$ cat upload25.txt   # compact mmCIF, C-alpha atoms and all ligand atoms
# COMPACT_ATOMS: atom_id res chain seq x y z
CA MET O 1 80.18 165.39 209.37
CA ALA O 2 77.68 167.15 211.67
CA LYS O 3 79.12 168.87 214.69
CA ASN O 4 78.97 166.86 217.92
CA ILE O 5 78.70 168.66 221.25
CA LYS O 6 79.76 167.30 224.60
CA VAL O 7 77.10 167.91 227.25
CA MET O 8 78.10 167.31 230.86
CA THR O 9 75.37 166.99 233.48
CA VAL O 10 76.43 167.68 237.07
CA PHE O 11 74.23 166.74 240.04
CA GLY O 12 74.56 165.38 243.54
CA THR O 13 71.38 165.07 245.60
CA ARG O 14 68.18 163.04 245.33
CA PRO O 15 65.94 165.77 243.89
CA GLU O 16 68.52 166.87 241.33
CA ALA O 17 68.92 163.26 240.22
CA ILE O 18 65.16 162.73 239.87
CA LYS O 19 64.84 165.90 237.81
CA MET O 20 68.04 165.41 235.74
CA ALA O 21 67.40 161.72 234.96
CA PRO O 22 64.87 162.45 232.19
CA ILE O 23 67.42 164.85 230.66
CA VAL O 24 70.24 162.29 230.80
CA LEU O 25 67.97 159.75 229.09
CA GLU O 26 66.93 162.29 226.45
CA LEU O 27 70.58 163.28 225.76
CA GLN O 28 71.35 159.62 225.02
CA LYS O 29 68.83 159.67 222.16
CA HIS O 30 71.00 162.00 220.01
CA PRO O 31 74.31 160.14 219.45
CA ASP O 32 74.97 161.93 216.14
CA THR O 33 74.94 165.38 217.68
CA ILE O 34 75.49 164.90 221.43
CA THR O 35 78.09 163.13 223.54
CA PRO O 36 76.67 162.98 227.07
CA VAL O 37 78.91 162.86 230.17
CA VAL O 38 77.47 162.40 233.66
CA ALA O 39 79.37 163.70 236.70
CA VAL O 40 77.88 163.28 240.17
CA THR O 41 79.28 164.91 243.28
CA ALA O 42 77.39 162.44 245.50
CA GLN O 43 76.55 165.20 247.96
CA HIS O 44 73.96 162.54 248.84
CA ARG O 45 75.06 158.91 248.71
CA GLU O 46 72.31 156.35 249.35
CA MET O 47 69.54 158.74 248.34
CA LEU O 48 71.35 159.52 245.07
CA ASP O 49 72.11 155.89 244.32
CA GLN O 50 68.43 155.00 244.72
CA VAL O 51 67.61 157.30 241.80
CA LEU O 52 70.59 156.30 239.62
CA GLY O 53 69.50 152.67 239.99
CA LEU O 54 65.88 153.35 239.08
CA PHE O 55 66.81 155.19 235.87
CA HIS O 56 69.77 152.86 235.04
CA ILE O 57 72.26 155.74 234.97
CA THR O 58 75.93 154.92 235.54
CA PRO O 59 77.91 158.12 236.13
CA ASP O 60 81.15 158.64 234.23
CA TYR O 61 82.55 160.49 237.26
CA ASP O 62 81.58 160.12 240.92
CA LEU O 63 83.24 162.48 243.42
CA ASN O 64 81.78 160.49 246.33
CA LEU O 65 82.00 163.54 248.56
CA MET O 66 79.28 162.95 251.15
CA ALA O 67 80.40 162.88 254.78
CA ALA O 68 78.35 162.64 257.95
CA GLY O 69 77.70 166.10 259.34
CA GLN O 70 79.00 167.83 256.21
CA THR O 71 78.96 171.63 256.21
CA LEU O 72 78.24 173.94 253.31
CA PHE O 73 81.99 174.68 253.19
CA ASP O 74 82.82 170.96 252.96
CA ILE O 75 80.42 170.40 250.08
CA THR O 76 81.43 173.53 248.18
CA THR O 77 85.19 173.04 248.38
CA LYS O 78 85.14 169.31 247.68
CA ALA O 79 82.80 169.76 244.72
CA MET O 80 84.88 172.62 243.28
CA ASN O 81 88.17 170.75 243.54
CA GLY O 82 86.72 167.51 242.21
CA LEU O 83 84.91 169.17 239.30
CA ASP O 84 88.03 171.13 238.33
CA LYS O 85 89.77 167.83 237.55
CA VAL O 86 86.76 166.41 235.67
CA LEU O 87 86.34 169.58 233.59
CA THR O 88 90.07 169.71 232.80
CA LYS O 89 89.92 166.14 231.51
CA GLU O 90 86.58 166.27 229.63
CA GLN O 91 86.52 169.85 228.28
CA PRO O 92 82.74 169.77 227.71
CA ASP O 93 81.01 172.30 225.44
CA ILE O 94 78.29 172.89 228.00
CA VAL O 95 77.65 171.98 231.65
CA LEU O 96 74.06 171.48 232.82
CA VAL O 97 73.25 172.02 236.49
CA HIS O 98 69.89 171.76 238.17
CA GLY O 99 68.02 173.83 240.70
CA ASP O 100 69.48 175.23 243.90
CA THR O 101 71.65 172.87 245.89
CA THR O 102 75.26 173.51 246.83
CA THR O 103 76.26 171.05 244.11
CA THR O 104 74.34 173.24 241.65
CA PHE O 105 76.19 176.39 242.59
CA ALA O 106 79.61 174.70 242.78
CA GLY O 107 78.98 173.06 239.39
CA ALA O 108 78.11 176.39 237.80
CA LEU O 109 81.07 178.19 239.38
CA ALA O 110 83.52 175.44 238.41
CA ALA O 111 82.27 175.56 234.81
CA TYR O 112 82.58 179.36 234.81
CA TYR O 113 86.18 179.18 236.03
CA HIS O 114 86.80 176.92 233.02
CA GLN O 115 84.99 179.44 230.80
CA THR O 116 82.54 176.74 229.84
CA THR O 117 78.94 177.45 228.82
CA VAL O 118 76.44 176.79 231.62
CA GLY O 119 72.81 175.71 231.24
CA HIS O 120 70.62 176.08 234.34
CA VAL O 121 67.70 173.68 234.57
CA GLU O 122 64.83 174.83 236.82
CA ALA O 123 66.00 178.43 236.56
CA GLY O 124 64.29 181.50 237.95
CA LEU O 125 62.58 180.21 241.10
CA ARG O 126 62.65 182.89 243.78
CA THR O 127 61.29 183.64 247.25
CA HIS O 128 63.19 186.97 247.32
CA ASN O 129 64.35 186.10 250.85
CA LYS O 130 68.01 185.10 250.88
CA TYR O 131 67.70 183.12 254.12
CA SER O 132 64.54 181.21 253.19
CA PRO O 133 65.13 178.63 251.96
CA PHE O 134 68.76 178.67 253.11
CA PRO O 135 71.05 178.38 251.24
CA GLU O 136 68.93 177.48 248.21
CA GLU O 137 67.69 180.98 247.38
CA MET O 138 71.26 182.26 247.06
CA ASN O 139 72.46 179.11 245.28
CA ARG O 140 69.92 179.57 242.52
CA LYS O 141 70.46 183.33 242.24
CA LEU O 142 74.23 182.94 241.94
CA THR O 143 73.80 180.11 239.46
CA GLY O 144 71.46 182.37 237.50
CA CYS O 145 74.17 185.07 237.33
CA ILE O 146 76.54 182.57 235.75
CA ALA O 147 74.17 180.69 233.43
CA ASP O 148 74.22 181.27 229.67
CA LEU O 149 71.06 179.25 228.98
CA ASN O 150 68.17 179.40 231.43
CA PHE O 151 65.54 176.66 231.38
CA ALA O 152 62.70 178.25 233.31
CA PRO O 153 59.96 175.79 234.21
CA THR O 154 57.08 178.28 234.16
CA ALA O 155 56.09 181.75 233.02
CA THR O 156 56.47 182.94 236.63
CA SER O 157 60.09 181.80 236.81
CA GLU O 158 60.72 183.41 233.41
CA ALA O 159 59.28 186.69 234.74
CA ASN O 160 61.62 186.53 237.75
CA LEU O 161 64.61 186.23 235.42
CA LEU O 162 63.43 189.05 233.16
CA SER O 163 63.06 191.30 236.21
CA GLU O 164 66.75 190.62 236.94
CA ASN O 165 67.64 191.67 233.37
CA VAL O 166 68.49 188.18 232.17
CA PRO O 167 68.37 188.38 228.34
CA LYS O 168 65.03 187.08 227.05
CA LYS O 169 66.63 185.07 224.26
CA SER O 170 68.62 183.04 226.79
CA ILE O 171 65.40 181.90 228.54
CA PHE O 172 63.37 178.86 227.45
CA VAL O 173 60.09 178.09 229.22
CA THR O 174 60.15 174.31 229.31
CA GLY O 175 57.97 172.99 232.15
CA ASN O 176 59.59 171.12 235.01
CA THR O 177 61.33 167.82 234.25
CA VAL O 178 59.91 166.40 237.50
CA ILE O 179 56.63 165.94 235.65
CA ASP O 180 58.52 164.01 232.92
CA ALA O 181 59.82 161.70 235.66
CA LEU O 182 56.41 161.36 237.31
CA HIS O 183 54.80 160.27 234.04
CA HIS O 184 57.14 157.25 233.97
CA THR O 185 56.34 156.26 237.49
CA VAL O 186 52.76 156.45 238.83
CA GLN O 187 50.44 153.51 238.13
CA ASP O 188 46.97 152.85 239.51
CA ASP O 189 47.74 149.15 240.12
CA PHE O 190 51.22 149.67 241.59
CA ALA O 191 52.10 146.99 244.18
CA PHE O 192 54.46 148.01 247.00
CA ASP O 193 57.37 145.64 247.70
CA ASP O 194 57.64 146.95 251.22
CA GLU O 195 55.69 144.80 253.73
CA LEU O 196 54.74 147.72 255.91
CA LEU O 197 53.22 149.59 252.97
CA GLN O 198 51.50 146.42 251.76
CA GLY O 199 49.85 146.17 255.19
CA ILE O 200 48.33 149.67 255.15
CA ASP O 201 44.60 149.78 254.49
CA PHE O 202 44.49 152.78 252.15
CA GLU O 203 40.73 152.32 251.60
CA HIS O 204 39.64 152.64 255.22
CA LYS O 205 42.44 154.72 256.69
CA ARG O 206 43.33 158.28 255.82
CA VAL O 207 47.07 158.27 255.30
CA ILE O 208 49.00 161.46 255.87
CA LEU O 209 52.34 161.38 254.07
CA VAL O 210 55.03 163.50 255.71
CA THR O 211 58.56 164.56 254.69
CA THR O 212 60.81 167.19 256.30
CA HIS O 213 64.42 168.16 255.70
CA ARG O 214 64.93 171.92 255.18
CA ARG O 215 67.95 173.34 256.99
CA GLU O 216 65.96 176.30 258.33
CA ASN O 217 63.43 173.86 259.86
CA LEU O 218 66.01 171.72 261.73
CA GLY O 219 65.52 171.62 265.50
CA GLU O 220 62.60 173.46 267.10
CA PRO O 221 60.46 174.12 263.98
CA MET O 222 60.50 170.39 263.19
CA ARG O 223 59.73 169.55 266.81
CA HIS O 224 56.61 171.74 266.64
CA VAL O 225 55.43 170.01 263.49
CA TYR O 226 55.92 166.54 264.97
CA LYS O 227 54.01 167.45 268.14
CA ALA O 228 51.08 168.58 265.99
CA LEU O 229 51.22 165.31 264.04
CA ARG O 230 51.16 163.31 267.24
CA GLN O 231 48.08 165.20 268.43
CA LEU O 232 46.30 164.49 265.13
CA THR O 233 46.86 160.73 265.41
CA GLU O 234 45.58 160.78 268.97
CA GLU O 235 42.41 162.57 267.91
CA PHE O 236 41.49 160.84 264.62
CA ASP O 237 41.10 157.06 264.82
CA ASP O 238 41.25 156.56 261.07
CA VAL O 239 44.40 158.61 260.51
CA GLU O 240 47.81 156.99 260.02
CA ILE O 241 51.05 158.71 259.21
CA VAL O 242 53.67 157.38 256.83
CA PHE O 243 56.91 159.30 257.21
CA PRO O 244 59.95 158.34 255.09
CA VAL O 245 62.60 160.00 257.21
CA HIS O 246 65.42 161.91 255.47
CA LYS O 247 68.87 160.43 256.15
CA ASN O 248 70.11 163.61 257.82
CA PRO O 249 70.90 162.61 261.45
CA LYS O 250 69.75 166.05 262.61
CA VAL O 251 66.28 165.27 261.24
CA ARG O 252 66.27 161.74 262.64
CA GLU O 253 67.14 162.75 266.16
CA VAL O 254 64.05 164.96 266.54
CA VAL O 255 61.73 162.61 264.63
CA ASN O 256 62.67 159.70 266.87
CA ALA O 257 62.29 161.76 270.02
CA GLU O 258 58.81 163.04 269.13
CA LEU O 259 57.26 160.28 267.02
CA GLY O 260 59.26 157.11 267.74
CA GLY O 261 57.33 154.04 268.91
CA LEU O 262 53.83 155.37 268.10
CA GLU O 263 51.52 152.72 266.68
CA LYS O 264 49.90 154.93 264.06
CA VAL O 265 53.07 156.65 262.92
CA HIS O 266 55.19 154.63 260.51
CA LEU O 267 58.72 155.97 260.43
CA ILE O 268 60.46 154.38 257.45
CA GLU O 269 63.65 154.76 255.44
CA PRO O 270 63.59 157.12 252.42
CA LEU O 271 61.66 155.31 249.71
CA ASP O 272 62.83 154.71 246.18
CA TYR O 273 61.24 157.25 243.87
CA GLU O 274 58.82 154.75 242.34
CA PRO O 275 57.14 153.62 245.59
CA PHE O 276 57.30 157.17 246.93
CA ALA O 277 55.46 158.62 243.93
CA ASN O 278 52.88 155.84 244.19
CA LEU O 279 52.53 156.48 247.91
CA MET O 280 51.74 160.13 247.13
CA HIS O 281 49.11 158.82 244.72
CA ARG O 282 47.47 156.73 247.52
CA ALA O 283 47.84 159.24 250.36
CA HIS O 284 44.92 161.33 251.59
CA LEU O 285 46.95 164.39 252.48
CA ILE O 286 50.59 165.47 252.30
CA LEU O 287 52.55 167.59 254.78
CA THR O 288 56.02 168.51 253.58
CA ASP O 289 58.76 171.11 253.37
CA SER O 290 60.04 169.58 250.12
CA GLY O 291 60.23 171.58 246.91
CA GLY O 292 59.78 168.64 244.54
CA VAL O 293 56.80 167.22 246.41
CA GLN O 294 55.05 170.61 246.07
CA GLU O 295 55.32 170.18 242.31
CA GLU O 296 54.35 166.53 242.07
CA ALA O 297 51.39 166.33 244.43
CA PRO O 298 49.16 168.85 242.58
CA ALA O 299 49.55 166.77 239.41
CA LEU O 300 48.23 163.80 241.42
CA GLY O 301 45.34 165.78 242.91
CA LYS O 302 46.63 165.63 246.48
CA PRO O 303 46.25 168.55 248.89
CA VAL O 304 49.57 169.71 250.27
CA LEU O 305 50.24 171.69 253.44
CA VAL O 306 53.68 173.21 253.10
CA LEU O 307 55.70 173.39 256.32
CA ARG O 308 57.54 176.55 255.34
CA ASP O 309 57.08 180.32 255.60
CA THR O 310 58.00 181.04 251.99
CA THR O 311 57.75 179.23 248.68
CA GLU O 312 59.45 179.73 245.34
CA ARG O 313 56.64 177.69 243.78
CA PRO O 314 53.60 180.00 243.97
CA GLU O 315 51.73 178.46 241.03
CA ALA O 316 49.99 175.65 242.95
CA VAL O 317 49.30 177.97 245.90
CA GLU O 318 47.49 180.26 243.47
CA ALA O 319 45.66 177.26 241.97
CA GLY O 320 44.53 176.33 245.51
CA THR O 321 45.96 172.81 245.85
CA VAL O 322 48.91 173.85 248.02
CA LYS O 323 48.75 175.93 251.19
CA LEU O 324 51.71 177.52 252.92
CA ILE O 325 51.29 177.02 256.70
CA GLY O 326 54.75 177.33 258.32
CA THR O 327 55.78 175.26 261.32
CA ASP O 328 53.85 176.68 264.27
CA ARG O 329 52.39 173.75 266.23
CA ASP O 330 48.85 175.15 266.59
CA ARG O 331 48.67 176.24 262.97
CA VAL O 332 49.87 172.86 261.65
CA TYR O 333 47.33 171.09 263.85
CA GLU O 334 44.43 173.41 262.88
CA GLU O 335 45.13 173.36 259.16
CA ALA O 336 45.44 169.57 259.02
CA LYS O 337 42.36 169.15 261.24
CA ARG O 338 40.37 171.37 258.91
CA LEU O 339 41.18 169.16 255.94
CA LEU O 340 40.26 166.07 257.96
CA THR O 341 36.87 167.46 259.01
CA ASP O 342 35.73 169.82 256.25
CA GLU O 343 34.98 167.66 253.20
CA ALA O 344 34.19 170.61 250.93
CA GLU O 345 37.51 172.27 251.74
CA TYR O 346 39.31 168.97 251.18
CA GLN O 347 37.65 168.48 247.80
CA ARG O 348 38.46 172.03 246.78
CA MET O 349 42.17 171.44 247.46
CA ALA O 350 42.09 167.98 245.86
CA GLU O 351 41.31 169.37 242.38
CA SER O 352 44.25 168.20 240.36
CA CYS O 353 46.13 170.84 238.42
CA ASN O 354 49.32 170.86 236.46
CA PRO O 355 50.99 174.24 236.55
CA TYR O 356 54.52 172.79 236.55
CA GLY O 357 54.82 170.70 233.42
CA ASP O 358 53.36 168.49 230.73
CA GLY O 359 55.98 165.74 230.52
CA GLU O 360 57.86 167.38 227.61
CA ALA O 361 60.44 169.46 229.49
CA SER O 362 63.50 167.35 228.69
CA ARG O 363 62.68 167.29 225.00
CA ARG O 364 62.41 171.10 225.00
CA ILE O 365 65.69 171.46 226.91
CA ILE O 366 67.62 169.27 224.48
CA GLN O 367 66.08 171.11 221.52
CA ALA O 368 67.09 174.44 223.09
CA ILE O 369 70.68 173.21 223.44
CA LEU O 370 70.77 171.98 219.83
CA TYR O 371 69.28 175.32 218.74
CA HIS O 372 71.95 177.24 220.69
CA TYR O 373 74.67 175.33 218.82
CA GLY O 374 72.96 175.75 215.43
CA LEU O 375 72.17 172.04 215.14
CA VAL O 376 68.43 172.60 214.73
CA GLY O 377 66.77 175.64 213.17
CA GLU O 378 63.86 176.20 215.56
CA ARG O 379 63.61 177.25 219.17
CA PRO O 380 61.55 174.69 221.14
CA ASP O 381 57.85 175.36 221.69
CA ARG O 382 57.02 177.10 224.94
CA PHE O 383 55.43 175.20 227.85
CA GLU O 384 51.97 176.61 228.56
CA ALA O 385 50.26 175.60 231.79
CA LYS O 386 46.70 174.35 231.28
C1 LIG Q 1 70.35 168.89 250.43
C2 LIG Q 1 70.31 170.26 249.74
C3 LIG Q 1 68.87 170.78 249.66
C4 LIG Q 1 67.94 169.74 249.06
C5 LIG Q 1 68.08 168.44 249.82
C6 LIG Q 1 67.23 167.37 249.21
C7 LIG Q 1 72.17 171.85 250.02
C8 LIG Q 1 72.84 172.81 250.92
N1 LIG Q 1 71.09 171.22 250.51
O1 LIG Q 1 69.96 169.09 251.78
O2 LIG Q 1 68.84 171.95 248.87
O3 LIG Q 1 66.62 170.23 249.15
O4 LIG Q 1 69.45 168.02 249.78
O5 LIG Q 1 67.07 166.26 250.04
O6 LIG Q 1 72.60 171.65 248.91
N2 LIG Q 1 72.71 161.90 254.29
C9 LIG Q 1 72.98 160.55 254.25
N3 LIG Q 1 72.70 159.85 253.08
C10 LIG Q 1 72.17 160.43 251.99
C11 LIG Q 1 71.88 161.81 252.04
C12 LIG Q 1 72.16 162.53 253.19
O7 LIG Q 1 73.45 159.98 255.20
O8 LIG Q 1 71.95 159.76 250.98
C13 LIG Q 1 73.01 162.66 255.52
C14 LIG Q 1 74.51 162.92 255.69
O9 LIG Q 1 74.82 162.79 257.05
C15 LIG Q 1 74.65 164.39 255.27
C16 LIG Q 1 73.32 164.94 255.76
O10 LIG Q 1 72.36 163.93 255.48
O11 LIG Q 1 75.76 164.99 255.88
C17 LIG Q 1 72.90 166.25 255.11
O12 LIG Q 1 73.01 166.21 253.69
P1 LIG Q 1 73.16 167.59 252.86
O13 LIG Q 1 73.22 167.28 251.41
O14 LIG Q 1 74.26 168.40 253.43
O15 LIG Q 1 71.84 168.38 253.21
P2 LIG Q 1 70.32 168.06 252.93
O16 LIG Q 1 69.55 168.53 254.11
O17 LIG Q 1 70.18 166.67 252.47
N1 LIG Q 2 61.27 161.42 247.30
C1 LIG Q 2 61.63 160.08 247.19
N2 LIG Q 2 61.63 159.30 248.31
C2 LIG Q 2 61.28 159.77 249.53
C3 LIG Q 2 60.96 161.15 249.64
C4 LIG Q 2 60.97 161.95 248.51
O1 LIG Q 2 61.93 159.60 246.09
O2 LIG Q 2 61.28 159.00 250.51
C5 LIG Q 2 61.31 162.28 246.08
C6 LIG Q 2 60.10 163.14 245.82
O3 LIG Q 2 59.13 162.46 245.05
C7 LIG Q 2 60.67 164.33 245.06
C8 LIG Q 2 62.08 164.44 245.63
O4 LIG Q 2 62.36 163.20 246.27
O5 LIG Q 2 60.79 164.07 243.67
C9 LIG Q 2 62.15 165.57 246.60
O6 LIG Q 2 63.34 165.50 247.29
P1 LIG Q 2 63.61 166.31 248.62
O7 LIG Q 2 62.33 166.55 249.33
O8 LIG Q 2 64.68 165.58 249.33
O9 LIG Q 2 64.26 167.66 248.08
P2 LIG Q 2 63.68 169.06 247.55
O10 LIG Q 2 62.74 168.78 246.43
O11 LIG Q 2 63.05 169.75 248.70
O12 LIG Q 2 64.92 169.78 247.11
$ encode --input "upload25.txt" --output "structure tokens"
Amino acid sequence: MAKNIKVMTVFGTRPEAIKMAPIVLELQKHPDTITPVVAVTAQHREMLDQVLGLFHITPDYDLNLMAAGQTLFDITTKAMNGLDKVLTKEQPDIVLVHGDTTTTFAGALAAYYHQTTVGHVEAGLRTHNKYSPFPEEMNRKLTGCIADLNFAPTATSEANLLSENVPKKSIFVTGNTVIDALHHTVQDDFAFDDELLQGIDFEHKRVILVTTHRRENLGEPMRHVYKALRQLTEEFDDVEIVFPVHKNPKVREVVNAELGGLEKVHLIEPLDYEPFANLMHRAHLILTDSGGVQEEAPALGKPVLVLRDTTERPEAVEAGTVKLIGTDRDRVYEEAKRLLTDEAEYQRMAESCNPYGDGEASRRIIQAILYHYGLVGERPDRFEAK
């Protein structure tokens, strides 16, 4: 009988779930060679459950660790202790973690303590600044030190790993699974369930979609951004803002203080991934500090102003669809105003490009795992950006 390997995926937050879901679904397609196990830390609760529901994934283990006001120490220690028990019981052949959250790092470290093989999905992203984004840059570097298999989304992320002396044969350039997920989701005739979104006149209004959550932007940097947004709605009659507000109470406090009660600013709950992706598709412009949104929006041909000082995703900046603008109030206002008044500049940034993936990343990742265990003879093809 052919060998069967047990593959445990570990994730905990919304973006990890969105980007791991296509992998979980792909793992289920190989029952003869793969036994999949899903363990979630639930570092996020509602925002994780939204994604699990959409992709019909029922975790085998749920550590349910989220607490209001959780610290990095809380998340790390609870995840480590919880995963120790799960790993002891399941004894997987390989643990897959994704990206750069505290769940990612704790998952990799727990697997290492069990001397279990670790595969890192979305490996090799770097800003080279250990406090920006904080703590993500260090989470992904430390995970990279532990990982045995590195699934780098792009040639740039592969080059980062090679410069850190990661063995070339352990790196597979796969594209980012977020593009796999996006392919399932965006439709031209999508109808929103939400009454507020149904009521927005996307043809005659220019909708700015906003998300913010980065730890290093909490407090004053976010306040600056929101003041600039307010000024823009006061100045442009046809501009409306749709802002699905992250569940973090530290984000909500400042959002409500600066943007609460304004007629043209729609503060809403985090959207399910499907309406959110379709909202990106309808929006005129996106302002965000999100990593995932920086990858998705270029594929949809939407200009993105990134509310951060650094990015680990330089590909779309180089392609010209994403611009890094930081959080200074005047700069945010000026950059957004430029795109609202300079049609040629807007069109230049609205050229769609797809440097992050082609929808085949999960297939390549599963093939790489099977190849590592000698269950297929060929390495997967390499993702080439077009
Ligand atoms: C986390 C990740 C970050 C990732 C982001 C995606 C770390 C250190 N941070 O940041 O890398 O980009 O997720 O969104 O791993 N909350 C809820 N319900 C939810 C989710 C969050 O109430 O479904 C609230 C809780 O009060 C929680 C707080 O948000 O304590 C912060 O959550 P946490 O995971 O610590 O940080 P994020 O800023 O979400
Ligand atoms: N997203 C979502 N609903 C929202 C806001 C974002 O489904 O209301 C999705 C978005 O499409 C992307 C992911 O969440 O795939 C990004 O998550 P987040 O910005 O929280 O984290 P980051 O990518 O910065 O780690």
$ residues_near_ligand --input "upload25.txt" --ligand "ligand LIG 2 (chain Q)" --cutoff "7 Å" --atoms "only C-alpha atoms and all ligand atoms" --output "PyMOL selection string"
chain O and resi 14-15+18+178+211+213+244-245+269-274+276-277+289-293+296
$ write_last_selection --input "upload25.txt" --atoms "C-alpha atoms" --output "mmCIF file, keeping the file's coordinate frame"
data_model
loop_
_atom_site.group_PDB
_atom_site.id
_atom_site.type_symbol
_atom_site.label_atom_id
_atom_site.label_comp_id
_atom_site.auth_asym_id
_atom_site.auth_seq_id
_atom_site.Cartn_x
_atom_site.Cartn_y
_atom_site.Cartn_z
ATOM 1 C CA ARG O 14 68.180 163.040 245.330
ATOM 2 C CA PRO O 15 65.940 165.770 243.890
ATOM 3 C CA ILE O 18 65.160 162.730 239.870
ATOM 4 C CA VAL O 178 59.910 166.400 237.500
ATOM 5 C CA THR O 211 58.560 164.560 254.690
ATOM 6 C CA HIS O 213 64.420 168.160 255.700
ATOM 7 C CA PRO O 244 59.950 158.340 255.090
ATOM 8 C CA VAL O 245 62.600 160.000 257.210
ATOM 9 C CA GLU O 269 63.650 154.760 255.440
ATOM 10 C CA PRO O 270 63.590 157.120 252.420
ATOM 11 C CA LEU O 271 61.660 155.310 249.710
ATOM 12 C CA ASP O 272 62.830 154.710 246.180
ATOM 13 C CA TYR O 273 61.240 157.250 243.870
ATOM 14 C CA GLU O 274 58.820 154.750 242.340
ATOM 15 C CA PHE O 276 57.300 157.170 246.930
ATOM 16 C CA ALA O 277 55.460 158.620 243.930
ATOM 17 C CA ASP O 289 58.760 171.110 253.370
ATOM 18 C CA SER O 290 60.040 169.580 250.120
ATOM 19 C CA GLY O 291 60.230 171.580 246.910
ATOM 20 C CA GLY O 292 59.780 168.640 244.540
ATOM 21 C CA VAL O 293 56.800 167.220 246.410
ATOM 22 C CA GLU O 296 54.350 166.530 242.070
#
$ atom_distance --input "upload25.txt" --atom1 "CA of His284 in chain O" --atom2 "CA of Arg308 in chain O"
20.1 Å
$ residues_near_ligand --input "upload25.txt" --ligand "ligand LIG 1 (chain Q)" --cutoff "7 Å" --atoms "all atoms listed in the file" --output "VMD selection string"
chain O and resid 13 to 15 43 to 48 66 to 72 100 to 103 135 to 136 213 to 215 247 to 249 290 to 291
$ closest_residue --input "upload25.txt" --among "O:Lys19, O:His30, O:Lys227, O:Arg126" --to "Leu52 in chain O" --atoms "all atoms listed in the file"
O:Lys19
$ atom_distance --input "upload25.txt" --atom1 "CA of Arg379 in chain O" --atom2 "CA of Thr174 in chain O"
11.1 Å
$ atom_distance --input "upload25.txt" --atom1 "CA of Ile366 in chain O" --atom2 "CA of Gly107 in chain O"
19.1 Å
$ residues_around --input "upload25.txt" --residues "Glu378 in chain O" --least-positions-apart "5" --cutoff "10 Å" --atoms "all atoms listed in the file" --output "tab-separated table (two decimals) with C-alpha atoms, in the coordinates of the input"
chain	number	residue	atom	x	y	z
O	367	GLN	CA	66.08	171.11	221.52
O	368	ALA	CA	67.09	174.44	223.09
O	370	LEU	CA	70.77	171.98	219.83
O	371	TYR	CA	69.28	175.32	218.74
O	372	HIS	CA	71.95	177.24	220.69
$ closest_residue --input "upload25.txt" --among "O:Leu197, O:Leu262, O:Val304, O:Leu182" --to "Tyr356 in chain O" --atoms "all atoms listed in the file"
O:Leu182
$ closest_atom_pairs --input "upload25.txt" --of "range 105-136 of chain O" --to "range 141-148 of chain O" --cutoff "8 Å" --atoms "all atoms listed in the file" --output "JSON lines"
{"residue": "O:Phe105", "atom": "CA", "partner": "O:Thr143", "partner_atom": "CA", "distance": 5.4}
{"residue": "O:Ala108", "atom": "CA", "partner": "O:Thr143", "partner_atom": "CA", "distance": 5.9}
{"residue": "O:Leu109", "atom": "CA", "partner": "O:Ile146", "partner_atom": "CA", "distance": 7.3}
{"residue": "O:Tyr112", "atom": "CA", "partner": "O:Ile146", "partner_atom": "CA", "distance": 6.9}
{"residue": "O:Thr117", "atom": "CA", "partner": "O:Asp148", "partner_atom": "CA", "distance": 6.1}
{"residue": "O:Val118", "atom": "CA", "partner": "O:Ala147", "partner_atom": "CA", "distance": 4.9}
{"residue": "O:Gly119", "atom": "CA", "partner": "O:Ala147", "partner_atom": "CA", "distance": 5.6}
{"residue": "O:His120", "atom": "CA", "partner": "O:Ala147", "partner_atom": "CA", "distance": 5.9}
{"residue": "O:Ala123", "atom": "CA", "partner": "O:Gly144", "partner_atom": "CA", "distance": 6.8}
{"residue": "O:Gly124", "atom": "CA", "partner": "O:Gly144", "partner_atom": "CA", "distance": 7.2}
{"residue": "O:Arg126", "atom": "CA", "partner": "O:Lys141", "partner_atom": "CA", "distance": 8.0}
$ residues_around --input "upload25.txt" --residues "Ile23 in chain O" --least-positions-apart "4" --cutoff "8 Å" --atoms "all atoms listed in the file" --output "VMD selection string"
chain O and resid 19 27 177 362 to 363 365 to 366
$ residues_near_point --input "upload25.txt" --point "(77.3, 166.4, 237.8)" --cutoff "12 Å" --atoms "all atoms listed in the file" --output "ChimeraX atom specification"
/O:7-13,16-17,20-21,24,36-43,48,58-64,79-80,82-84,86-87,92,94-98,101-108,110-111
$ closest_residue --input "upload25.txt" --among "O:His224, O:Phe172, O:Ser132, O:Leu161" --to "Ile369 in chain O" --atoms "all atoms listed in the file"
O:Phe172
$ closest_residue --input "upload25.txt" --among "O:His246, O:Lys29, O:His281, O:His266" --to "Thr185 in chain O" --atoms "only C-alpha atoms"
O:His281
$ residues_around --input "upload25.txt" --residues "Arg348 in chain O" --least-positions-apart "5" --cutoff "9 Å" --atoms "only C-alpha atoms" --output "list in words"
Pro303, Gly320, Thr321 and Glu343 of chain O
$ write_last_selection --input "upload25.txt" --atoms "C-alpha atoms" --output "PDB file, in the coordinates of the input"
ATOM      1  CA  PRO O 303      46.250 168.550 248.890  1.00  0.00           C
ATOM      2  CA  GLY O 320      44.530 176.330 245.510  1.00  0.00           C
ATOM      3  CA  THR O 321      45.960 172.810 245.850  1.00  0.00           C
ATOM      4  CA  GLU O 343      34.980 167.660 253.200  1.00  0.00           C
TER       5      GLU O 343
END
$ residues_around --input "upload25.txt" --residues "Glu345 in chain O" --least-positions-apart "3" --cutoff "12 Å" --atoms "all atoms listed in the file" --output "PyMOL selection string"
chain O and resi 303+320-321+323+335-342+348-351
$ residues_around --input "upload25.txt" --residues "Pro31 in chain O" --least-positions-apart "6" --cutoff "12 Å" --atoms "all atoms listed in the file" --output "ChimeraX atom specification"
/O:2-7,25,37
